[in-house]
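Heads up, structure-v6.pdb below (PDB, C-alpha atoms and all ligand atoms):
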```
ATOM      1  CA  MET A   1      78.988  63.582 107.129
ATOM      2  CA  LEU A   2      79.044  64.734 103.490
ATOM      3  CA  HIS A   3      76.284  67.165 104.368
ATOM      4  CA  ILE A   4      78.378  68.722 107.155
ATOM      5  CA  ILE A   5      81.443  69.065 104.906
ATOM      6  CA  LYS A   6      79.258  70.730 102.268
ATOM      7  CA  LYS A   7      77.917  73.166 104.851
ATOM      8  CA  ILE A   8      81.401  74.002 106.113
ATOM      9  CA  LEU A   9      82.578  74.593 102.551
ATOM     10  CA  ILE A  10      79.610  76.849 101.761
ATOM     11  CA  ASN A  11      80.191  78.862 104.929
ATOM     12  CA  PHE A  12      83.866  79.133 104.131
ATOM     13  CA  PHE A  13      83.128  80.484 100.655
ATOM     14  CA  LEU A  14      80.557  82.909 102.012
ATOM     15  CA  PHE A  15      83.002  84.169 104.609
ATOM     16  CA  PHE A  16      85.767  84.381 102.002
ATOM     17  CA  SER A  17      83.672  86.414  99.563
ATOM     18  CA  LEU A  18      82.593  88.792 102.325
ATOM     19  CA  PHE A  19      86.244  89.130 103.303
ATOM     20  CA  LEU A  20      87.168  89.901  99.682
ATOM     21  CA  ILE A  21      84.410  92.499  99.332
ATOM     22  CA  SER A  22      85.251  94.208 102.615
ATOM     23  CA  ASN A  23      88.935  94.333 101.692
ATOM     24  CA  SER A  24      88.421  95.361  98.121
ATOM     25  CA  LYS A  25      88.459  98.897  96.754
ATOM     26  CA  ASP A  26      85.961 101.336  98.161
ATOM     27  CA  ILE A  27      83.067 101.099  95.738
ATOM     28  CA  SER A  28      82.048 104.604  94.753
ATOM     29  CA  ILE A  29      79.991 106.438  92.209
ATOM     30  CA  VAL A  30      79.799 110.096  91.257
ATOM     31  CA  ILE A  31      77.172 111.623  88.984
ATOM     32  CA  HIS A  32      76.472 114.942  87.305
ATOM     33  CA  GLY A  33      73.287 116.273  85.772
ATOM     34  CA  GLY A  34      74.849 119.249  84.002
ATOM     35  CA  ALA A  35      76.614 122.467  84.952
ATOM     36  CA  GLY A  36      75.000 125.869  84.502
ATOM     37  CA  TRP A  37      72.698 128.322  86.187
ATOM     38  CA  PHE A  38      69.554 126.321  87.023
ATOM     39  CA  ALA A  39      68.067 129.741  87.775
ATOM     40  CA  SER A  40      64.698 129.359  86.078
ATOM     41  CA  MET A  41      63.965 125.976  87.609
ATOM     42  CA  THR A  42      60.929 125.513  89.789
ATOM     43  CA  GLU A  43      61.243 123.976  93.232
ATOM     44  CA  GLU A  44      59.517 120.918  91.890
ATOM     45  CA  GLU A  45      62.060 120.545  89.096
ATOM     46  CA  ILE A  46      64.974 120.972  91.494
ATOM     47  CA  ASP A  47      63.451 118.352  93.753
ATOM     48  CA  GLY A  48      62.970 116.024  90.773
ATOM     49  CA  ILE A  49      66.588 116.461  89.703
ATOM     50  CA  GLU A  50      67.879 115.738  93.207
ATOM     51  CA  LYS A  51      65.715 112.650  93.558
ATOM     52  CA  ALA A  52      66.793 111.313  90.169
ATOM     53  CA  LEU A  53      70.477 111.847  90.958
ATOM     54  CA  SER A  54      70.072 110.086  94.273
ATOM     55  CA  LYS A  55      68.199 107.202  92.647
ATOM     56  CA  ALA A  56      70.844 106.828  89.935
ATOM     57  CA  ALA A  57      73.664 106.880  92.513
ATOM     58  CA  GLY A  58      71.828 104.316  94.657
ATOM     59  CA  LEU A  59      71.214 101.977  91.746
ATOM     60  CA  GLY A  60      74.784 102.176  90.464
ATOM     61  CA  TYR A  61      76.119 101.559  93.950
ATOM     62  CA  GLU A  62      73.844  98.541  94.533
ATOM     63  CA  ILE A  63      74.897  97.017  91.220
ATOM     64  CA  MET A  64      78.545  97.171  92.254
ATOM     65  CA  LEU A  65      77.814  95.990  95.790
ATOM     66  CA  GLU A  66      76.251  92.875  94.336
ATOM     67  CA  GLY A  67      79.400  92.183  92.339
ATOM     68  CA  GLY A  68      78.496  94.053  89.147
ATOM     69  CA  THR A  69      81.118  96.062  87.286
ATOM     70  CA  SER A  70      81.594  99.812  87.149
ATOM     71  CA  LEU A  71      80.647  99.626  83.466
ATOM     72  CA  ASP A  72      77.238  98.173  84.437
ATOM     73  CA  ALA A  73      76.822 100.840  87.117
ATOM     74  CA  VAL A  74      77.645 103.676  84.722
ATOM     75  CA  GLU A  75      75.287 102.420  82.006
ATOM     76  CA  LYS A  76      72.354 101.720  84.326
ATOM     77  CA  ALA A  77      72.698 104.993  86.248
ATOM     78  CA  ILE A  78      72.796 106.950  82.982
ATOM     79  CA  ILE A  79      69.694 105.144  81.699
ATOM     80  CA  ILE A  80      67.746 106.434  84.727
ATOM     81  CA  LEU A  81      68.724 109.995  83.818
ATOM     82  CA  GLU A  82      68.178 109.519  80.070
ATOM     83  CA  ASP A  83      64.634 108.365  80.819
ATOM     84  CA  ASN A  84      63.914 111.458  82.913
ATOM     85  CA  PRO A  85      62.782 114.529  80.912
ATOM     86  CA  LEU A  86      64.342 116.869  83.494
ATOM     87  CA  PHE A  87      67.780 116.180  82.009
ATOM     88  CA  ASN A  88      69.206 117.087  78.632
ATOM     89  CA  ALA A  89      69.934 113.523  77.553
ATOM     90  CA  GLY A  90      67.770 110.832  76.000
ATOM     91  CA  ARG A  91      64.127 111.743  76.552
ATOM     92  CA  GLY A  92      64.750 115.357  77.633
ATOM     93  CA  SER A  93      67.224 116.259  74.875
ATOM     94  CA  VAL A  94      67.222 119.855  73.642
ATOM     95  CA  TYR A  95      66.456 120.845  70.049
ATOM     96  CA  THR A  96      68.788 121.919  67.250
ATOM     97  CA  SER A  97      68.224 125.098  65.238
ATOM     98  CA  GLU A  98      66.184 122.955  62.838
ATOM     99  CA  LEU A  99      64.053 121.743  65.717
ATOM    100  CA  ILE A 100      65.135 118.141  65.867
ATOM    101  CA  GLN A 101      66.948 116.348  68.674
ATOM    102  CA  GLU A 102      70.421 114.973  68.050
ATOM    103  CA  MET A 103      72.009 113.036  70.873
ATOM    104  CA  ASP A 104      75.603 112.122  71.714
ATOM    105  CA  ALA A 105      76.928 109.600  74.261
ATOM    106  CA  SER A 106      80.064 107.717  75.202
ATOM    107  CA  ILE A 107      81.282 105.144  77.701
ATOM    108  CA  MET A 108      84.804 104.022  78.596
ATOM    109  CA  ASP A 109      86.205 101.009  80.431
ATOM    110  CA  GLY A 110      89.302 101.955  82.412
ATOM    111  CA  SER A 111      90.489  98.347  82.652
ATOM    112  CA  ASP A 112      91.552  98.168  79.002
ATOM    113  CA  LEU A 113      90.861 101.702  77.719
ATOM    114  CA  ASN A 114      88.189 100.313  75.423
ATOM    115  CA  ALA A 115      85.491 102.834  74.567
ATOM    116  CA  GLY A 116      82.255 103.233  72.633
ATOM    117  CA  ALA A 117      80.608 106.417  71.399
ATOM    118  CA  VAL A 118      77.666 107.548  69.299
ATOM    119  CA  ALA A 119      76.949 110.981  67.896
ATOM    120  CA  SER A 120      74.084 112.848  66.211
ATOM    121  CA  ILE A 121      71.512 110.112  66.715
ATOM    122  CA  THR A 122      67.836 110.994  66.660
ATOM    123  CA  ASN A 123      65.778 107.915  67.433
ATOM    124  CA  VAL A 124      67.603 105.737  69.956
ATOM    125  CA  LYS A 125      65.789 105.707  73.295
ATOM    126  CA  ASN A 126      68.934 105.238  75.353
ATOM    127  CA  PRO A 127      72.055 106.438  73.549
ATOM    128  CA  ILE A 128      74.292 105.085  76.329
ATOM    129  CA  LYS A 129      73.106 101.526  75.555
ATOM    130  CA  LEU A 130      74.221 101.951  71.969
ATOM    131  CA  ALA A 131      77.560 103.398  73.107
ATOM    132  CA  ARG A 132      78.105 100.321  75.276
ATOM    133  CA  TYR A 133      77.176  98.085  72.363
ATOM    134  CA  VAL A 134      79.824  99.857  70.248
ATOM    135  CA  LEU A 135      82.357  99.278  73.031
ATOM    136  CA  GLU A 136      81.616  95.604  73.529
ATOM    137  CA  GLU A 137      80.371  94.297  70.219
ATOM    138  CA  THR A 138      82.200  96.191  67.480
ATOM    139  CA  ASP A 139      85.819  96.731  66.461
ATOM    140  CA  HIS A 140      85.237 100.472  66.397
ATOM    141  CA  VAL A 141      84.963 103.308  68.875
ATOM    142  CA  MET A 142      82.563 105.795  67.340
ATOM    143  CA  PHE A 143      79.498 105.748  65.102
ATOM    144  CA  SER A 144      77.432 108.710  63.964
ATOM    145  CA  SER A 145      73.974 109.556  62.597
ATOM    146  CA  ASN A 146      72.500 107.086  60.063
ATOM    147  CA  GLY A 147      75.186 104.450  60.548
ATOM    148  CA  ALA A 148      74.746 104.543  64.317
ATOM    149  CA  GLU A 149      70.964 104.325  63.999
ATOM    150  CA  ARG A 150      71.296 101.361  61.655
ATOM    151  CA  LEU A 151      73.592  99.685  64.156
ATOM    152  CA  ALA A 152      70.966 100.173  66.879
ATOM    153  CA  ILE A 153      68.374  98.361  64.781
ATOM    154  CA  GLU A 154      70.774  95.511  63.971
ATOM    155  CA  ALA A 155      71.637  95.241  67.674
ATOM    156  CA  GLY A 156      67.989  95.188  68.745
ATOM    157  CA  ILE A 157      68.455  98.371  70.782
ATOM    158  CA  GLU A 158      65.165 100.189  71.194
ATOM    159  CA  THR A 159      64.395 103.014  68.774
ATOM    160  CA  VAL A 160      61.449 105.389  69.206
ATOM    161  CA  SER A 161      59.565 108.002  67.205
ATOM    162  CA  PRO A 162      60.419 111.729  67.638
ATOM    163  CA  SER A 163      57.278 112.197  69.746
ATOM    164  CA  TYR A 164      58.969 110.268  72.573
ATOM    165  CA  PHE A 165      61.477 113.125  72.972
ATOM    166  CA  TYR A 166      58.909 115.919  72.528
ATOM    167  CA  SER A 167      58.981 118.869  74.935
ATOM    168  CA  GLU A 168      57.007 122.037  74.190
ATOM    169  CA  GLU A 169      59.160 124.111  76.517
ATOM    170  CA  LYS A 170      62.449 122.959  74.973
ATOM    171  CA  LEU A 171      60.980 123.400  71.486
ATOM    172  CA  GLN A 172      60.035 127.006  72.259
ATOM    173  CA  ARG A 173      63.521 127.709  73.576
ATOM    174  CA  ALA A 174      65.019 126.526  70.299
ATOM    175  CA  LYS A 175      62.354 128.296  68.189
ATOM    176  CA  ASN A 176      62.939 131.562  69.994
ATOM    177  CA  LYS A 177      66.679 131.070  69.606
ATOM    178  CA  ILE A 178      67.126 131.250  73.366
ATOM    179  CA  ASN A 179      70.516 129.724  73.806
ATOM    180  CA  THR A 180      70.080 130.111  77.503
ATOM    181  CA  ASN A 181      72.537 128.921  80.055
ATOM    182  CA  SER A 182      69.871 128.837  82.704
ATOM    183  CA  LYS A 183      69.023 125.212  82.162
ATOM    184  CA  LYS A 184      71.514 122.474  81.532
ATOM    185  CA  GLY A 185      71.250 118.805  82.078
ATOM    186  CA  THR A 186      73.867 116.746  80.283
ATOM    187  CA  VAL A 187      74.443 113.664  82.411
ATOM    188  CA  GLY A 188      77.575 111.762  83.341
ATOM    189  CA  VAL A 189      78.659 109.023  85.709
ATOM    190  CA  VAL A 190      82.025 107.765  86.959
ATOM    191  CA  ALA A 191      82.241 104.592  89.037
ATOM    192  CA  LEU A 192      84.881 102.500  90.795
ATOM    193  CA  ASP A 193      83.953  98.877  91.468
ATOM    194  CA  ALA A 194      85.205  96.300  93.953
ATOM    195  CA  TYR A 195      87.675  94.943  91.399
ATOM    196  CA  GLY A 196      89.376  98.336  91.082
ATOM    197  CA  ASN A 197      87.908  99.036  87.659
ATOM    198  CA  ILE A 198      87.014 102.610  86.833
ATOM    199  CA  ALA A 199      84.409 103.372  84.161
ATOM    200  CA  ALA A 200      82.978 106.657  82.936
ATOM    201  CA  GLY A 201      80.126 107.676  80.655
ATOM    202  CA  THR A 202      78.408 110.826  79.406
ATOM    203  CA  SER A 203      75.138 111.407  77.536
ATOM    204  CA  THR A 204      73.640 114.605  76.134
ATOM    205  CA  GLY A 205      71.312 116.306  73.704
ATOM    206  CA  GLY A 206      74.099 118.875  73.277
ATOM    207  CA  MET A 207      73.504 122.625  73.236
ATOM    208  CA  THR A 208      70.146 124.251  72.519
ATOM    209  CA  ASN A 209      70.014 125.646  68.984
ATOM    210  CA  LYS A 210      73.151 123.868  67.874
ATOM    211  CA  THR A 211      73.582 123.619  64.114
ATOM    212  CA  PRO A 212      72.474 120.195  62.866
ATOM    213  CA  GLY A 213      75.446 117.873  62.683
ATOM    214  CA  ARG A 214      77.373 119.718  65.405
ATOM    215  CA  ILE A 215      78.986 117.266  67.811
ATOM    216  CA  GLY A 216      80.128 118.325  71.277
ATOM    217  CA  ASP A 217      82.613 116.845  73.713
ATOM    218  CA  SER A 218      80.343 114.261  75.328
ATOM    219  CA  PRO A 219      80.994 111.487  72.795
ATOM    220  CA  ILE A 220      84.655 112.421  72.320
ATOM    221  CA  ILE A 221      86.917 110.112  74.291
ATOM    222  CA  GLY A 222      89.446 112.237  76.152
ATOM    223  CA  ALA A 223      87.345 115.399  75.915
ATOM    224  CA  GLY A 224      84.035 114.643  77.675
ATOM    225  CA  THR A 225      84.795 111.151  78.985
ATOM    226  CA  TRP A 226      87.890 109.299  80.171
ATOM    227  CA  ALA A 227      88.595 106.300  82.405
ATOM    228  CA  GLU A 228      91.907 104.659  83.225
ATOM    229  CA  ASN A 229      92.349 102.127  85.992
ATOM    230  CA  GLY A 230      94.843 103.138  88.633
ATOM    231  CA  VAL A 231      94.531 106.797  87.674
ATOM    232  CA  CYS A 232      91.079 108.339  87.355
ATOM    233  CA  GLY A 233      87.729 108.569  85.610
ATOM    234  CA  VAL A 234      86.103 111.779  84.365
ATOM    235  CA  SER A 235      82.844 112.972  82.849
ATOM    236  CA  GLY A 236      82.431 116.591  81.799
ATOM    237  CA  THR A 237      79.635 119.037  81.103
ATOM    238  CA  GLY A 238      79.773 122.511  79.643
ATOM    239  CA  HIS A 239      80.745 124.322  76.483
ATOM    240  CA  GLY A 240      81.764 121.305  74.438
ATOM    241  CA  GLU A 241      83.952 123.057  71.871
ATOM    242  CA  TYR A 242      86.353 124.123  74.626
ATOM    243  CA  PHE A 243      86.289 120.703  76.273
ATOM    244  CA  ILE A 244      87.372 119.222  72.948
ATOM    245  CA  ARG A 245      90.098 121.800  72.389
ATOM    246  CA  LEU A 246      91.519 121.310  75.880
ATOM    247  CA  ASN A 247      90.953 117.555  75.963
ATOM    248  CA  VAL A 248      89.557 118.192  79.427
ATOM    249  CA  ALA A 249      88.853 114.666  80.696
ATOM    250  CA  LYS A 250      92.204 113.220  79.669
ATOM    251  CA  GLU A 251      94.081 116.350  80.740
ATOM    252  CA  ILE A 252      92.867 115.884  84.318
ATOM    253  CA  CYS A 253      93.998 112.256  84.375
ATOM    254  CA  VAL A 254      97.331 113.160  82.794
ATOM    255  CA  LEU A 255      98.002 115.709  85.551
ATOM    256  CA  MET A 256      97.227 113.024  88.115
ATOM    257  CA  LYS A 257      99.253 110.330  86.408
ATOM    258  CA  TYR A 258     102.431 112.175  85.505
ATOM    259  CA  LYS A 259     102.422 115.092  87.942
ATOM    260  CA  ASN A 260     100.950 113.205  90.867
ATOM    261  CA  LEU A 261      98.374 115.915  91.453
ATOM    262  CA  GLU A 262      95.565 114.917  93.762
ATOM    263  CA  VAL A 263      92.132 114.671  92.203
ATOM    264  CA  LYS A 264      90.628 118.005  93.313
ATOM    265  CA  LYS A 265      93.702 119.991  92.406
ATOM    266  CA  ALA A 266      93.958 118.438  88.936
ATOM    267  CA  ALA A 267      90.269 119.051  88.230
ATOM    268  CA  GLN A 268      90.400 122.625  89.545
ATOM    269  CA  LEU A 269      93.418 123.495  87.395
ATOM    270  CA  VAL A 270      91.713 122.352  84.217
ATOM    271  CA  ILE A 271      88.372 123.972  85.049
ATOM    272  CA  ASP A 272      90.198 127.238  85.807
ATOM    273  CA  ARG A 273      91.962 126.989  82.477
ATOM    274  CA  LEU A 274      88.565 126.579  80.798
ATOM    275  CA  LYS A 275      87.362 129.724  82.548
ATOM    276  CA  SER A 276      90.397 131.667  81.368
ATOM    277  CA  MET A 277      89.462 130.701  77.809
ATOM    278  CA  GLY A 278      85.939 132.034  78.404
ATOM    279  CA  ALA A 279      84.232 128.653  78.742
ATOM    280  CA  ASP A 280      81.743 127.435  81.314
ATOM    281  CA  GLY A 281      81.598 123.929  82.611
ATOM    282  CA  GLY A 282      82.314 121.350  85.228
ATOM    283  CA  VAL A 283      83.585 117.832  85.779
ATOM    284  CA  ILE A 284      83.084 114.902  88.068
ATOM    285  CA  VAL A 285      86.157 112.822  88.778
ATOM    286  CA  LEU A 286      87.071 109.768  90.832
ATOM    287  CA  ASP A 287      90.631 108.804  91.644
ATOM    288  CA  ASN A 288      91.767 105.191  91.964
ATOM    289  CA  LYS A 289      90.685 105.062  95.614
ATOM    290  CA  GLY A 290      87.239 106.458  94.970
ATOM    291  CA  THR A 291      87.998 110.007  96.157
ATOM    292  CA  PRO A 292      85.647 112.337  94.281
ATOM    293  CA  ALA A 293      86.067 115.812  92.835
ATOM    294  CA  MET A 294      83.029 117.759  91.626
ATOM    295  CA  ILE A 295      84.448 120.999  90.245
ATOM    296  CA  PHE A 296      82.642 123.636  88.150
ATOM    297  CA  ASN A 297      83.047 127.278  87.196
ATOM    298  CA  THR A 298      79.308 127.960  86.861
ATOM    299  CA  PRO A 299      76.992 128.920  89.739
ATOM    300  CA  ALA A 300      75.676 125.371  89.882
ATOM    301  CA  MET A 301      76.230 121.783  88.822
ATOM    302  CA  ALA A 302      73.746 119.037  89.660
ATOM    303  CA  ARG A 303      75.815 116.323  91.306
ATOM    304  CA  ALA A 304      75.743 113.300  93.586
ATOM    305  CA  TYR A 305      78.249 110.975  95.213
ATOM    306  CA  LYS A 306      77.883 107.699  97.036
ATOM    307  CA  ASN A 307      80.351 105.343  98.656
ATOM    308  CA  SER A 308      80.171 102.773 101.453
ATOM    309  CA  THR A 309      78.726 105.219 103.990
ATOM    310  CA  ASP A 310      74.922 105.336 104.179
ATOM    311  CA  TYR A 311      74.813 108.987 103.197
ATOM    312  CA  THR A 312      74.323 110.009  99.556
ATOM    313  CA  PHE A 313      75.694 113.463  98.824
ATOM    314  CA  VAL A 314      73.381 115.409  96.478
ATOM    315  CA  ARG A 315      73.786 119.112  95.589
ATOM    316  CA  ILE A 316      72.926 121.535  92.833
ATOM    317  CA  TYR A 317      74.151 124.955  93.903
ATOM    318  CA  LYS A 318      77.585 125.859  95.196
ATOM    319  CA  ASP A 319      76.935 126.305  98.855
ATOM    320  CA  HIS A 320      73.771 124.441  99.658
TER     321      HIS A 320
HETATM  322  N1  LIG A 401      78.990 119.429  76.776
HETATM  323  C1  LIG A 401      77.730 119.387  76.083
HETATM  324  C2  LIG A 401      77.965 119.751  74.642
HETATM  325  O1  LIG A 401      78.711 120.667  74.373
HETATM  326  C3  LIG A 401      76.693 120.299  76.655
HETATM  327  C4  LIG A 401      76.599 120.357  78.168
HETATM  328  O2  LIG A 401      77.291 119.649  78.860
HETATM  329  O3  LIG A 401      75.793 121.156  78.671
HETATM  330  O4  LIG A 401      77.346 119.167  73.790
END
```
How does this structure look as structure tokens?
Amino acid sequence: MLHIIKKILINFFLFFSLFLISNSKDISIVIHGGAGWFASMTEEEIDGIEKALSKAAGLGYEIMLEGGTSLDAVEKAIIILEDNPLFNAGRGSVYTSELIQEMDASIMDGSDLNAGAVASITNVKNPIKLARYVLEETDHVMFSSNGAERLAIEAGIETVSPSYFYSEEKLQRAKNKINTNSKKGTVGVVALDAYGNIAAGTSTGGMTNKTPGRIGDSPIIGAGTWAENGVCGVSGTGHGEYFIRLNVAKEICVLMKYKNLEVKKAAQLVIDRLKSMGADGGVIVLDNKGTPAMIFNTPAMARAYKNSTDYTFVRIYKDH
């Protein structure tokens, strides 16, 4: 008898959780792998970028489907891209004018507006892990250079030698002072989980040939990254100085929150404004229902989107 009651209870709970999941928010995830020209990329590289974006979207989605949070999805999806040398983040970071790699990253939890960011770090394998550590384990929002690297060691977050990030091709670009727009590769993820929480994160090596110590928009909360439950989540890529000056990520959410603009319109307005200031770039955005916007004013932006349908949208160029 007890056995039967137990079985009924288990079935009831199973049914109830399935009911909750199917009636919860539409889990969705949107990813970018940088805005720019992508003109000098080989077919193999393009294929590699598309596969990595699809893999990151799939992993993030699965995490949330199994009950994980959008913060988990954002961190884990970004790690996949940071570990892939095709992107300008983590392993594939570009070089400064003094031929070192300085990385920036940030992550934001839209449920309480808590955020973590790191800037100008040179030896942390996955900057986004350290950013999440700052968010969850410290009373602060942003750490830079030596202090951030010390924090990584204290936290037991993996550090590596400069050879891990080595790329002859990227080194030559910096040596020859080719500040080319042809290859980009900053990465960013925005996710909405079944609990209605929006999270966003961005990770980058910054701009080729940047002056040592220069920090772009990616680790600046409100500029390169923003997440606010009930409103939207944003990750940006492009000419960081302008993203900071315009507060791009927050600006999009503000237009949605106070002017009731729908997600694509809000993103387009801000990206157009960037263009009018002479800046290139793009954003990925999710609204509170999981509707995506992937807007850019460059010929291309590597991007992917996944929700409850089987299809994963992956594109690099504008029209194909
Ligand atoms: N926004 C990044 C920076 O300025 C670069 C990029 O997204 O391509 O550091």
Among the residues A:Leu192, A:Glu43, A:Val234, A:Thr138, the one that comes closest to A:Asn307 [using all atoms listed in the file]:
A:Leu192
With 8 Å of padding per side, what axis-aligned box (centre and edge lengths, Å, one decimal) covers all the listed atoms of ligand LIG 401 (chain A)? Give it as AutoDock Vina command-line options.
```
--center_x 77.4 --center_y 120.2 --center_z 76.3 --size_x 19.2 --size_y 18.0 --size_z 21.1
```
With all atoms listed in the file counted, collect every polymer residue having an atom within 9 Å of ligand LIG 401 (chain A); state the result as a PyMOL selection string.
chain A and resi 33-36+88+103-104+181+183-187+202-208+210+214-219+224+236-244+281-282
What does the file look like for those residues with C-alpha atoms, as a compact mmCIF listing (two decimals), keeping the file's coordinate frame?
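Output contents, as saved in out_24.txt:
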```txt
# COMPACT_ATOMS: atom_id res chain seq x y z
CA GLY A 33 73.29 116.27 85.77
CA GLY A 34 74.85 119.25 84.00
CA ALA A 35 76.61 122.47 84.95
CA GLY A 36 75.00 125.87 84.50
CA ASN A 88 69.21 117.09 78.63
CA MET A 103 72.01 113.04 70.87
CA ASP A 104 75.60 112.12 71.71
CA ASN A 181 72.54 128.92 80.06
CA LYS A 183 69.02 125.21 82.16
CA LYS A 184 71.51 122.47 81.53
CA GLY A 185 71.25 118.80 82.08
CA THR A 186 73.87 116.75 80.28
CA VAL A 187 74.44 113.66 82.41
CA THR A 202 78.41 110.83 79.41
CA SER A 203 75.14 111.41 77.54
CA THR A 204 73.64 114.60 76.13
CA GLY A 205 71.31 116.31 73.70
CA GLY A 206 74.10 118.88 73.28
CA MET A 207 73.50 122.62 73.24
CA THR A 208 70.15 124.25 72.52
CA LYS A 210 73.15 123.87 67.87
CA ARG A 214 77.37 119.72 65.40
CA ILE A 215 78.99 117.27 67.81
CA GLY A 216 80.13 118.32 71.28
CA ASP A 217 82.61 116.84 73.71
CA SER A 218 80.34 114.26 75.33
CA PRO A 219 80.99 111.49 72.80
CA GLY A 224 84.04 114.64 77.68
CA GLY A 236 82.43 116.59 81.80
CA THR A 237 79.64 119.04 81.10
CA GLY A 238 79.77 122.51 79.64
CA HIS A 239 80.74 124.32 76.48
CA GLY A 240 81.76 121.30 74.44
CA GLU A 241 83.95 123.06 71.87
CA TYR A 242 86.35 124.12 74.63
CA PHE A 243 86.29 120.70 76.27
CA ILE A 244 87.37 119.22 72.95
CA GLY A 281 81.60 123.93 82.61
CA GLY A 282 82.31 121.35 85.23
```
Run the PyMOL selection byres (((chain A and resi 199) around 6) and not hetatm) mentally over the shown coordinates, then write out the matched residues as a PyMOL selection string, using the chain letters and numbers from the document.
chain A and resi 70-71+108-110+190-191+198+200+227
Just so the selection is clear, what residues does the PyMOL selection byres (((chain A and resi 264-278) around 6) and not hetatm) cover here, as a list in words?
Ile252, Leu255, Leu261, Glu262, Val263, Ala279 and Ala293 of chain A
How would you write, as a PyMOL selection string, the residues chosen by the PyMOL selection byres (((chain A and resi 301) around 8) and not hetatm) on this structure?
chain A and resi 32-37+282+296+298-300+302-303+315-318
Which distance in Å separates atom CA of A:Pro127 and atom CA of A:Pro85, to one decimal?
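Separation between atom CA of A:Pro127 and atom CA of A:Pro85: 14.3 Å.
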